[in-house]
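File shown here: entry.csv, holding CSV, C-alpha atoms.
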```
chain,number,residue,atom,x,y,z
A,160,MET,CA,-63.4,175.9,44.0
A,161,ILE,CA,-63.7,176.3,47.7
A,162,SER,CA,-60.8,176.0,50.1
A,163,VAL,CA,-60.9,174.0,53.3
A,164,GLN,CA,-60.9,177.2,55.4
A,165,GLU,CA,-63.8,178.7,53.5
A,166,PHE,CA,-65.6,175.3,53.5
A,167,LEU,CA,-65.4,174.9,57.3
A,168,LEU,CA,-66.6,178.5,57.8
A,169,ARG,CA,-69.6,178.2,55.4
A,170,THR,CA,-70.7,174.8,56.6
A,171,ARG,CA,-70.0,175.5,60.3
A,172,VAL,CA,-68.4,172.1,60.5
A,173,GLU,CA,-65.3,171.2,62.5
A,174,HIS,CA,-62.2,170.1,60.7
A,175,GLN,CA,-62.2,166.7,62.4
A,176,SER,CA,-65.7,166.0,61.2
A,177,LEU,CA,-64.8,167.1,57.7
A,178,GLU,CA,-62.0,164.6,57.6
A,179,ALA,CA,-64.2,161.8,59.0
A,180,TRP,CA,-66.9,162.6,56.3
A,181,ILE,CA,-64.3,162.4,53.5
A,182,HIS,CA,-63.0,159.2,55.0
A,183,ALA,CA,-66.5,157.7,55.1
A,184,GLY,CA,-67.0,158.6,51.5
A,185,TRP,CA,-69.8,160.9,52.2
A,186,LEU,CA,-67.9,163.7,50.6
A,187,ILE,CA,-65.8,163.3,47.5
A,188,PRO,CA,-63.8,166.5,47.0
A,189,PRO,CA,-63.1,167.1,43.3
A,190,GLN,CA,-59.5,168.1,44.1
A,191,THR,CA,-57.0,166.8,46.6
A,192,GLU,CA,-53.8,168.0,45.1
A,193,PRO,CA,-52.0,170.3,45.6
A,194,GLU,CA,-54.5,171.1,48.2
A,195,LEU,CA,-58.0,170.0,49.1
A,196,SER,CA,-60.8,172.0,47.6
A,197,PHE,CA,-64.5,171.6,47.2
A,198,SER,CA,-67.3,172.4,44.9
A,199,ASP,CA,-70.7,173.9,45.6
A,200,VAL,CA,-72.2,170.5,45.5
A,201,ASP,CA,-69.9,169.4,48.3
A,202,LEU,CA,-70.9,172.4,50.3
A,203,ALA,CA,-74.6,171.7,50.0
A,204,ARG,CA,-74.0,168.1,50.8
A,205,ALA,CA,-72.0,168.9,53.9
A,206,GLN,CA,-74.7,171.2,55.1
A,207,LEU,CA,-77.2,168.3,54.7
A,208,ILE,CA,-75.0,166.0,56.6
A,209,ARG,CA,-74.6,168.6,59.3
A,210,ASP,CA,-78.4,169.0,59.5
A,211,LEU,CA,-78.9,165.3,59.7
A,212,ARG,CA,-76.4,165.0,62.5
A,213,ASP,CA,-77.0,168.1,64.5
A,214,ASP,CA,-80.6,168.9,63.9
A,215,LEU,CA,-82.3,165.6,63.1
A,216,GLY,CA,-80.2,163.5,65.5
A,217,VAL,CA,-79.3,160.9,62.9
A,218,ASN,CA,-76.3,158.8,63.8
A,219,ASP,CA,-73.4,157.9,61.5
A,220,GLU,CA,-74.9,154.7,60.2
A,221,GLY,CA,-78.2,156.5,59.6
A,222,ILE,CA,-76.4,159.2,57.6
A,223,SER,CA,-74.8,156.7,55.3
A,224,VAL,CA,-78.2,155.1,54.6
A,225,ILE,CA,-79.9,158.4,54.1
A,226,LEU,CA,-77.3,159.8,51.7
A,227,HIS,CA,-77.4,156.6,49.7
A,228,LEU,CA,-81.2,156.7,49.4
A,229,ILE,CA,-81.3,160.5,48.7
A,230,ASP,CA,-78.8,160.1,45.9
A,231,GLN,CA,-81.0,157.3,44.4
A,232,VAL,CA,-84.1,159.4,44.7
A,233,HIS,CA,-82.4,162.2,42.8
A,234,GLY,CA,-81.3,159.8,40.1
A,235,LEU,CA,-84.8,158.5,39.8
A,236,ARG,CA,-86.3,162.0,39.8
A,237,ARG,CA,-84.0,163.0,37.0
A,238,SER,CA,-84.7,160.0,34.9
A,239,MET,CA,-88.4,160.4,35.5
A,240,GLU,CA,-88.1,164.0,34.3
A,241,ALA,CA,-86.1,163.0,31.3
A,242,LEU,CA,-88.8,160.4,30.4
A,243,LEU,CA,-91.6,162.9,30.9
A,244,ASN,CA,-89.8,165.5,28.7
A,245,GLU,CA,-89.3,162.9,26.1
A,246,LEU,CA,-93.0,162.0,26.2
A,247,ARG,CA,-94.0,165.7,26.0
A,248,GLY,CA,-91.6,166.3,23.2
A,249,ASN,CA,-93.0,163.3,21.2
A,250,ARG,CA,-96.5,164.5,21.8
A,251,GLU,CA,-95.7,167.9,20.5
A,252,ASP,CA,-94.0,166.4,17.4
A,253,GLY,CA,-97.2,164.4,16.8
A,254,ASP,CA,-99.5,167.5,16.8
B,155,MET,CA,-100.1,180.4,59.8
B,156,SER,CA,-98.9,181.6,63.1
B,157,ASP,CA,-96.1,183.9,64.0
B,158,ASP,CA,-95.9,182.4,67.4
B,159,PRO,CA,-92.7,180.2,67.5
B,160,TYR,CA,-94.3,178.0,70.2
B,161,ALA,CA,-97.3,177.3,67.9
B,162,ILE,CA,-95.0,176.7,64.9
B,163,LEU,CA,-93.1,174.1,66.8
B,164,GLY,CA,-96.3,172.8,68.5
B,165,VAL,CA,-95.1,173.0,72.0
B,166,LYS,CA,-96.5,174.7,75.2
B,167,ARG,CA,-94.9,177.9,76.5
B,168,GLU,CA,-93.6,176.0,79.5
B,169,ALA,CA,-92.0,173.2,77.5
B,170,THR,CA,-88.5,172.1,78.5
B,171,GLN,CA,-85.6,172.7,76.2
B,172,ASP,CA,-85.5,168.9,75.5
B,173,GLU,CA,-89.2,169.0,74.5
B,174,ILE,CA,-88.6,171.9,72.2
B,175,ARG,CA,-85.6,170.1,70.7
B,176,SER,CA,-87.5,166.9,70.0
B,177,ALA,CA,-90.4,168.8,68.6
B,178,TYR,CA,-88.1,170.6,66.2
B,179,ARG,CA,-86.4,167.3,65.2
B,180,ALA,CA,-89.8,165.7,64.6
B,181,LEU,CA,-90.8,168.6,62.3
B,182,ALA,CA,-87.4,168.8,60.6
B,183,LYS,CA,-87.4,165.1,59.8
B,184,LYS,CA,-90.6,165.7,57.9
B,185,LEU,CA,-89.9,169.1,56.4
B,186,HIS,CA,-86.1,169.2,55.6
B,187,PRO,CA,-86.0,170.2,51.9
B,188,ASP,CA,-83.4,167.6,51.1
B,189,LEU,CA,-85.7,164.9,52.4
B,190,ASN,CA,-88.5,166.3,50.3
B,191,PRO,CA,-86.8,167.0,47.0
B,192,GLY,CA,-90.1,167.3,45.1
B,193,ASP,CA,-92.0,169.5,47.5
B,194,LYS,CA,-91.5,173.2,47.1
B,195,LYS,CA,-93.6,174.1,50.1
B,196,ALA,CA,-91.4,172.0,52.4
B,197,GLU,CA,-88.7,174.6,52.1
B,198,GLU,CA,-91.0,177.4,53.3
B,199,LYS,CA,-92.3,175.4,56.2
B,200,PHE,CA,-88.9,174.3,57.1
B,201,LYS,CA,-87.7,177.9,57.1
B,202,GLU,CA,-90.4,178.8,59.6
B,203,VAL,CA,-89.6,175.9,61.8
B,204,SER,CA,-85.9,176.7,61.7
B,205,VAL,CA,-86.5,180.4,62.7
B,206,ALA,CA,-88.7,179.3,65.5
B,207,TYR,CA,-86.2,176.8,66.7
B,208,ASP,CA,-83.4,179.4,66.4
B,209,LEU,CA,-85.3,181.4,68.9
B,210,LEU,CA,-86.6,178.8,71.3
B,211,GLY,CA,-83.7,176.3,71.0
B,212,ASP,CA,-81.4,178.8,72.6
B,213,PRO,CA,-82.4,179.3,76.3
B,214,GLU,CA,-81.0,182.8,76.4
B,215,LYS,CA,-82.8,184.0,73.3
B,216,ARG,CA,-86.0,182.2,74.4
B,217,ALA,CA,-85.9,184.0,77.8
B,218,ARG,CA,-85.6,187.4,76.0
B,219,PHE,CA,-88.4,186.5,73.7
B,220,ASP,CA,-90.6,185.5,76.6
B,221,ARG,CA,-89.8,188.8,78.3
B,222,GLY,CA,-90.9,190.6,75.1
B,223,GLU,CA,-87.4,192.0,74.4
B,224,ILE,CA,-87.2,190.5,70.9
B,225,ASP,CA,-89.9,189.4,68.6
B,226,ALA,CA,-90.3,186.3,66.5
B,227,SER,CA,-89.0,187.8,63.3
B,228,GLY,CA,-85.5,186.8,64.4
B,229,ALA,CA,-83.0,187.0,61.6
B,230,GLU,CA,-83.3,183.8,59.7
B,231,ARG,CA,-80.0,182.1,58.8
B,232,PRO,CA,-79.7,182.4,55.1
B,233,ARG,CA,-79.2,179.0,53.6
B,234,GLU,CA,-77.1,178.9,50.5
B,235,ARG,CA,-78.4,176.1,48.4
B,236,TYR,CA,-79.9,172.8,49.5
B,237,TYR,CA,-78.3,169.6,48.2
B,238,ARG,CA,-81.4,168.9,46.2
B,239,ASP,CA,-80.8,172.1,44.1
B,240,PHE,CA,-77.9,170.3,42.5
B,241,HIS,CA,-80.0,167.6,41.2
B,242,THR,CA,-82.5,169.6,39.1
B,243,ALA,CA,-83.1,169.3,35.4
B,244,GLY,CA,-80.1,170.4,33.5
B,245,ALA,CA,-77.8,170.2,36.5
B,246,GLN,CA,-74.4,168.7,35.7
B,247,ASP,CA,-73.6,165.2,36.9
B,248,HIS,CA,-71.4,165.1,39.9
B,249,PRO,CA,-69.7,162.3,41.8
B,250,TYR,CA,-72.8,161.7,43.9
B,251,SER,CA,-75.0,161.1,40.9
B,252,THR,CA,-76.2,157.6,40.6
B,253,ALA,CA,-78.2,155.5,38.3
B,254,GLY,CA,-78.5,152.9,41.0
B,255,GLY,CA,-82.2,153.5,41.4
B,256,PHE,CA,-83.1,152.4,37.9
B,257,ALA,CA,-80.0,150.6,36.5
B,258,ASP,CA,-82.1,147.4,36.2
B,259,PHE,CA,-84.4,149.1,33.7
B,260,MET,CA,-81.6,149.8,31.4
B,261,GLU,CA,-80.2,146.3,30.8
B,262,ASN,CA,-81.5,146.1,27.3
B,263,GLU,CA,-80.6,148.3,24.4
B,264,ASP,CA,-83.9,150.0,24.1
B,265,ILE,CA,-85.5,153.4,24.1
B,266,LEU,CA,-85.2,153.6,27.9
B,267,SER,CA,-81.5,153.3,27.9
B,268,GLU,CA,-81.3,155.9,25.2
B,269,ILE,CA,-83.3,158.3,27.3
B,270,LEU,CA,-81.9,157.4,30.7
B,271,GLY,CA,-78.4,156.4,29.7
B,272,ARG,CA,-75.8,158.6,31.3
B,273,GLY,CA,-72.1,158.3,31.3
B,274,GLU,CA,-69.9,159.6,34.0
B,275,GLY,CA,-70.2,163.3,34.0
B,276,ARG,CA,-71.3,163.4,30.4
B,277,ALA,CA,-74.4,164.5,28.6
B,278,ARG,CA,-77.6,163.3,30.2
B,279,PHE,CA,-79.0,162.0,26.9
B,280,ARG,CA,-77.4,159.5,24.6
B,281,ILE,CA,-78.1,160.4,21.1
B,282,ARG,CA,-77.0,158.3,18.2
B,283,GLY,CA,-74.8,160.2,15.7
B,284,GLN,CA,-76.3,161.4,12.5
B,285,ASP,CA,-76.2,159.4,9.3
B,286,VAL,CA,-73.9,160.9,6.7
B,287,HIS,CA,-74.6,160.7,3.0
B,288,TYR,CA,-72.0,160.2,0.3
B,289,ARG,CA,-72.1,159.7,-3.5
B,290,LEU,CA,-69.5,157.4,-4.9
B,291,PRO,CA,-69.0,157.0,-8.7
B,292,VAL,CA,-67.7,153.6,-9.7
B,293,GLU,CA,-66.9,152.2,-13.0
B,294,PHE,CA,-69.2,149.7,-14.7
B,295,LEU,CA,-67.0,146.7,-14.2
B,296,GLU,CA,-66.2,147.7,-10.6
B,297,ALA,CA,-69.9,147.6,-9.8
B,298,VAL,CA,-70.3,144.3,-11.6
B,299,ASN,CA,-67.3,142.5,-10.3
B,300,GLY,CA,-67.0,144.2,-6.9
B,301,ALA,CA,-64.3,146.4,-5.7
B,302,THR,CA,-63.0,148.3,-2.7
B,303,LYS,CA,-63.0,152.1,-3.0
B,304,ARG,CA,-61.6,154.7,-0.6
B,305,ILE,CA,-63.5,157.8,0.1
B,306,THR,CA,-62.2,160.8,2.1
B,307,MET,CA,-64.6,162.2,4.6
B,308,PRO,CA,-65.0,165.9,5.4
B,309,ASP,CA,-62.8,165.5,8.5
B,310,GLY,CA,-60.0,164.1,6.4
B,311,ALA,CA,-60.4,160.6,7.6
B,312,THR,CA,-60.6,157.9,5.0
B,313,LEU,CA,-63.2,155.2,4.7
B,314,ASP,CA,-62.9,152.0,2.7
B,315,VAL,CA,-66.1,151.1,1.0
B,316,VAL,CA,-66.4,147.5,-0.1
B,317,ILE,CA,-68.6,147.4,-3.2
B,318,PRO,CA,-70.1,143.9,-3.4
B,319,PRO,CA,-70.3,142.2,-6.8
B,320,GLY,CA,-73.5,143.0,-8.7
B,321,THR,CA,-74.0,146.4,-7.1
B,322,ASN,CA,-76.7,148.4,-8.9
B,323,ASP,CA,-76.7,152.0,-10.0
B,324,HIS,CA,-78.1,154.2,-7.2
B,325,GLN,CA,-77.8,151.4,-4.7
B,326,ILE,CA,-77.1,152.7,-1.2
B,327,LEU,CA,-74.6,150.9,0.9
B,328,ARG,CA,-74.9,151.3,4.6
B,329,LEU,CA,-71.7,151.4,6.6
B,330,ARG,CA,-72.6,150.9,10.2
B,331,GLU,CA,-71.4,153.4,12.7
B,332,LYS,CA,-69.2,155.3,10.1
B,333,GLY,CA,-71.3,158.4,10.3
B,334,GLY,CA,-71.4,161.3,12.8
B,335,LEU,CA,-70.3,160.8,16.3
B,336,GLY,CA,-72.8,159.9,19.0
B,337,ILE,CA,-73.4,162.0,22.1
B,338,GLY,CA,-73.1,160.7,25.6
B,339,GLY,CA,-71.4,157.5,24.6
B,340,ALA,CA,-74.1,156.6,22.1
B,341,PRO,CA,-73.0,154.9,18.9
B,342,PRO,CA,-72.1,156.9,15.8
B,343,GLY,CA,-74.6,157.2,12.9
B,344,ASP,CA,-74.2,155.3,9.7
B,345,ALA,CA,-72.5,156.3,6.5
B,346,LEU,CA,-74.9,155.9,3.6
B,347,VAL,CA,-73.0,155.7,0.3
B,348,GLU,CA,-75.0,156.0,-2.9
B,349,ILE,CA,-73.3,154.2,-5.8
B,350,GLU,CA,-73.3,155.8,-9.2
B,351,VAL,CA,-72.4,153.3,-11.8
B,352,GLY,CA,-70.7,154.6,-14.9
B,353,PRO,CA,-71.5,153.4,-18.5
B,354,HIS,CA,-69.5,150.8,-20.4
B,355,LYS,CA,-68.6,151.1,-24.1
B,356,LEU,CA,-69.8,147.6,-24.9
B,357,PHE,CA,-72.2,146.4,-22.2
B,358,THR,CA,-75.4,147.8,-20.9
B,359,ARG,CA,-77.1,146.3,-17.9
B,360,LYS,CA,-80.7,145.5,-17.0
B,361,ASP,CA,-81.0,144.1,-13.5
B,362,ASP,CA,-78.8,141.1,-13.5
B,363,ASP,CA,-78.5,140.7,-17.3
B,364,ILE,CA,-75.9,142.1,-19.6
B,365,HIS,CA,-76.9,143.3,-23.1
B,366,ILE,CA,-74.5,143.7,-26.0
B,367,GLU,CA,-74.9,144.4,-29.6
B,368,LEU,CA,-72.8,142.1,-31.8
B,369,PRO,CA,-72.0,143.2,-35.3
B,370,ILE,CA,-71.7,140.2,-37.8
B,371,SER,CA,-70.7,140.1,-41.4
B,372,LEU,CA,-73.0,139.1,-44.2
B,373,PRO,CA,-71.4,135.7,-44.7
B,374,GLU,CA,-71.6,135.1,-40.9
B,375,ALA,CA,-75.3,136.0,-41.0
B,376,VAL,CA,-76.0,133.8,-44.0
B,377,LEU,CA,-73.8,130.8,-43.2
B,378,GLY,CA,-73.7,130.9,-39.4
B,379,GLY,CA,-70.6,130.0,-37.4
B,380,LYS,CA,-68.8,130.2,-34.2
B,381,LEU,CA,-68.0,133.8,-33.1
B,382,ASP,CA,-66.1,135.3,-30.2
B,383,VAL,CA,-68.4,137.4,-28.0
B,384,PRO,CA,-67.1,139.7,-25.2
B,385,THR,CA,-68.5,138.9,-21.8
B,386,LEU,CA,-67.8,140.2,-18.3
B,387,ALA,CA,-65.4,137.3,-17.9
B,388,GLY,CA,-63.6,137.7,-21.2
B,389,SER,CA,-64.4,136.3,-24.7
B,390,VAL,CA,-66.7,133.4,-25.1
B,391,ARG,CA,-67.2,131.4,-28.3
B,392,MET,CA,-70.8,131.4,-29.3
B,393,THR,CA,-72.6,129.6,-32.1
B,394,VAL,CA,-74.5,131.8,-34.5
B,395,PRO,CA,-77.1,129.8,-36.4
B,396,LYS,CA,-77.4,129.9,-40.2
B,397,GLY,CA,-79.5,132.8,-41.4
B,398,ALA,CA,-79.1,134.9,-38.2
B,399,ASN,CA,-80.7,138.3,-38.9
B,400,THR,CA,-80.2,141.7,-37.4
B,401,GLY,CA,-82.2,142.0,-34.2
B,402,ARG,CA,-81.9,138.3,-33.5
B,403,VAL,CA,-81.1,137.9,-29.8
B,404,LEU,CA,-79.0,135.0,-28.5
B,405,ARG,CA,-78.6,134.2,-24.8
B,406,LEU,CA,-75.5,133.2,-23.1
B,407,LYS,CA,-76.7,131.6,-19.9
B,408,GLY,CA,-74.9,132.5,-16.7
B,409,LYS,CA,-72.7,135.2,-18.3
B,410,GLY,CA,-74.5,138.1,-16.6
B,411,VAL,CA,-74.0,139.9,-13.3
B,412,PRO,CA,-73.3,138.0,-10.2
B,413,ARG,CA,-76.2,137.7,-7.7
B,414,ARG,CA,-76.1,137.5,-4.0
B,415,ASP,CA,-77.0,133.8,-4.0
B,416,GLY,CA,-74.0,133.0,-6.1
B,417,THR,CA,-75.8,132.5,-9.4
B,418,ARG,CA,-75.5,135.0,-12.2
B,419,GLY,CA,-77.8,136.7,-14.7
B,420,ASP,CA,-77.5,136.0,-18.4
B,421,GLU,CA,-75.9,137.9,-21.3
B,422,TYR,CA,-78.1,138.7,-24.3
B,423,VAL,CA,-76.4,139.2,-27.6
B,424,THR,CA,-78.3,141.2,-30.2
B,425,LEU,CA,-77.0,140.5,-33.7
B,426,LYS,CA,-76.5,143.3,-36.2
B,427,VAL,CA,-75.6,142.5,-39.7
B,428,VAL,CA,-73.1,144.9,-41.1
B,429,LEU,CA,-72.1,145.2,-44.7
B,430,PRO,CA,-68.6,146.1,-45.6
B,431,ASP,CA,-67.8,149.8,-45.8
B,432,ARG,CA,-67.1,149.4,-49.5
B,433,LEU,CA,-69.2,147.1,-51.6
B,434,ASP,CA,-67.2,145.2,-54.2
B,435,PRO,CA,-68.6,144.5,-57.7
B,436,GLU,CA,-69.1,140.8,-56.9
B,437,ILE,CA,-71.8,141.4,-54.4
B,438,GLU,CA,-73.5,144.0,-56.4
B,439,GLU,CA,-73.6,141.7,-59.3
B,440,PHE,CA,-74.9,138.9,-57.0
B,441,ALA,CA,-77.7,141.1,-55.6
B,442,ARG,CA,-78.8,142.1,-59.1
B,443,ARG,CA,-78.9,138.5,-60.3
B,444,TRP,CA,-80.5,137.1,-57.1
B,445,GLN,CA,-84.1,136.4,-58.1
B,446,ALA,CA,-85.5,135.2,-54.8
B,447,GLY,CA,-84.0,138.3,-53.1
B,448,GLN,CA,-85.7,140.6,-55.6
B,449,GLN,CA,-89.1,139.2,-54.6
B,450,HIS,CA,-88.5,139.3,-50.9
B,451,ASN,CA,-90.4,142.1,-49.3
B,452,PRO,CA,-89.2,142.7,-45.7
B,453,ARG,CA,-91.7,145.6,-45.3
B,454,ARG,CA,-94.8,143.4,-45.8
B,455,GLY,CA,-97.4,144.3,-43.3
B,456,LEU,CA,-95.8,147.7,-42.8
B,457,GLU,CA,-98.5,149.6,-44.7
B,458,ALA,CA,-100.3,152.0,-42.4
```
With the file now loaded, output its structure as C-alpha cells.
Amino acid sequence: MISVQEFLLRTRVEHQSLEAWIHAGWLIPPQTEPELSFSDVDLARAQLIRDLRDDLGVNDEGISVILHLIDQVHGLRRSMEALLNELRGNREDGD
Amino acid sequence: MSDDPYAILGVKREATQDEIRSAYRALAKKLHPDLNPGDKKAEEKFKEVSVAYDLLGDPEKRARFDRGEIDASGAERPRERYYRDFHTAGAQDHPYSTAGGFADFMENEDILSEILGRGEGRARFRIRGQDVHYRLPVEFLEAVNGATKRITMPDGATLDVVIPPGTNDHQILRLREKGGLGIGGAPPGDALVEIEVGPHKLFTRKDDDIHIELPISLPEAVLGGKLDVPTLAGSVRMTVPKGANTGRVLRLKGKGVPRRDGTRGDEYVTLKVVLPDRLDPEIEEFARRWQAGQQHNPRRGLEA
C-alpha cells in the first residue's frame, strides 16, 4: 500500500489534482480508512492521467473518455488472450 | 535511428518552444505505451521521444545542448510501470477491470461465458466443479419401492438421495450441482451415486419382473387350488391349476417392479412340488399300487 505522500511524490501530481481525480472516479483507491492509500495499479493509472493531461494536452472530458476506452481495450485484450489460450490448449489436447 | 533530439522530434533546430511542444505531443499521442497496449516497440520509441523532449522542452537545457555543453544522452526519467502492465495475462483483476467491451457476447450460458466469465476480483476462468462419485448400497425393497437415503460426504455434509421406485442395480443417479465446488462463480459439479441393490431372500429381479419359487405340496400339485403367494405388495391369492408340476411358471400380471410410466412389471411364480420331509406309509403304499404311475417315464427322450 502506498501512502498519499509517497503517491504524490512518485506521480509528481499535486494534492488538489489527486483529490479531483478521485472525485471524478478516475482513481479508486483500495483503502480510504483509516487513511487513504493506493496500490501500484493506482500509481500507474495516475501517471497515465498525468501524461494525458500534461504531455498530450488532453482535457478533463477527454481523459474520462480515454480511460473508459483504455479499460475496455484491456478487458478485450485479456478475453482475447483467454480465448486464444483456450484454443491452443484444445489443439494440444487433440494432438 | 538518430541520436539527434531534433531529428527524433522531427523539428528544425530553430523551432520555437511551442513547435517543439506540439511536435512532442503529436508523437506521444501515437506512441504512448498506454495508448498502444499491444505494441512492444511503442515503449522504446516513446522513451526516445521523451528523452528528446526532456532536453528540448526545457529552454535552459536546450540552450546548453545547443552550445554543446551536454549531449543527447540525458538521463532518462525511469518510468516505473505503465498502466498497461497491470492488464497482462495472469494479472489480478482490479477495480478498473471491465468486461464492458464484450459483455454482450456473454449473455448465453455457453462456452464463451465459461472462458470469459469473470467475477469481481475472482479467478479469470469459470470452471465447473468436479463430479463426485459415490456408491450407495440399498436394500432390495428400497430399490423397488423407492426410498430416501442419506449419505455423508467427505466434508461432513450430508446429502439426501431420493431413490426412485424401480431403481436398478448399478444404476447411477445424478444429483445436479452436489459435487465439487466451481471456481470463479461457476456451478458445482454433480454427485454421481451408483446404487448397489442387495439381494432378497424370496425375490429375484430381472428388469421389471420379479421371480419367485413357490413350493407346493403334492396334493396342491395334483388337485390344484388357491394359494397365497408373496408379492412386493404383500400376499396375493393365486389359482394353481390341477396337475401343476415343478417348473411350471405362472404369471401374476402387474405385480412386478414399478416403471417410470406408472405401469409395473409382472411377477413370475415358478412352482416346485415338495414332498413331506417324512413319507407316511399311506403314500408309499399308494405309489406301489399306482399302475399308471409305474408306467410313466419322465425321462423319455433323455437318452444321449
> Need the neighbours of (-73.8, 163.2, 40.6): which residues are at most 9 Å away, counting all atoms listed in the file, as JSON, numbers by chain?
Replying inline: {"A": [200, 230, 233, 234], "B": [240, 241, 246, 247, 248, 249, 250, 251, 252, 274, 275]}
>> Every residue with an atom at most 10 Å from (-87.2, 161.7, 43.1) (file coordinates; all atoms listed in the file) is what I'm after, so could you write them as number ranges by chain?
In response: A: 229-240; B: 189-192, 238, 241, 255
> Would you list which chain B residues are within 6 Å of chain A using all atoms listed in the file, as a ChimeraX atom specification?
Replying inline: /B:179,236-237,252-253,255,270
> What does the distance from CA of Arg454 in chain B to CA of Lys396 in chain B come to in Å, to one decimal?
Replying inline: 22.7 Å
> Do you know which residues are at most 8 Å from range 295-303 of chain B counting all atoms listed in the file, after dropping those on the same chain fewer than 6 positions away, and could you put them as a VMD selection string?
Replying inline: chain B and resid 314 to 322 351 354 386 411 to 412
> By how many Å are CA of Lys380 in chain B and CA of Val394 in chain B apart?
Replying inline: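 Interatomic distance here is 5.9 Å.
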>> Just the number, please: distance in Å from CA of Pro369 in chain B to CA of Ala441 in chain B, one decimal.
In response: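 These atoms are spaced 21.2 Å apart.
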>> Using only C-alpha atoms, can you tell me which of B:Gln325, B:Thr417, B:Thr358, B:Thr393 comes closest to Leu381 in chain B?
In response: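 For Leu381 in chain B, the nearest of the given residues is B:Thr393.
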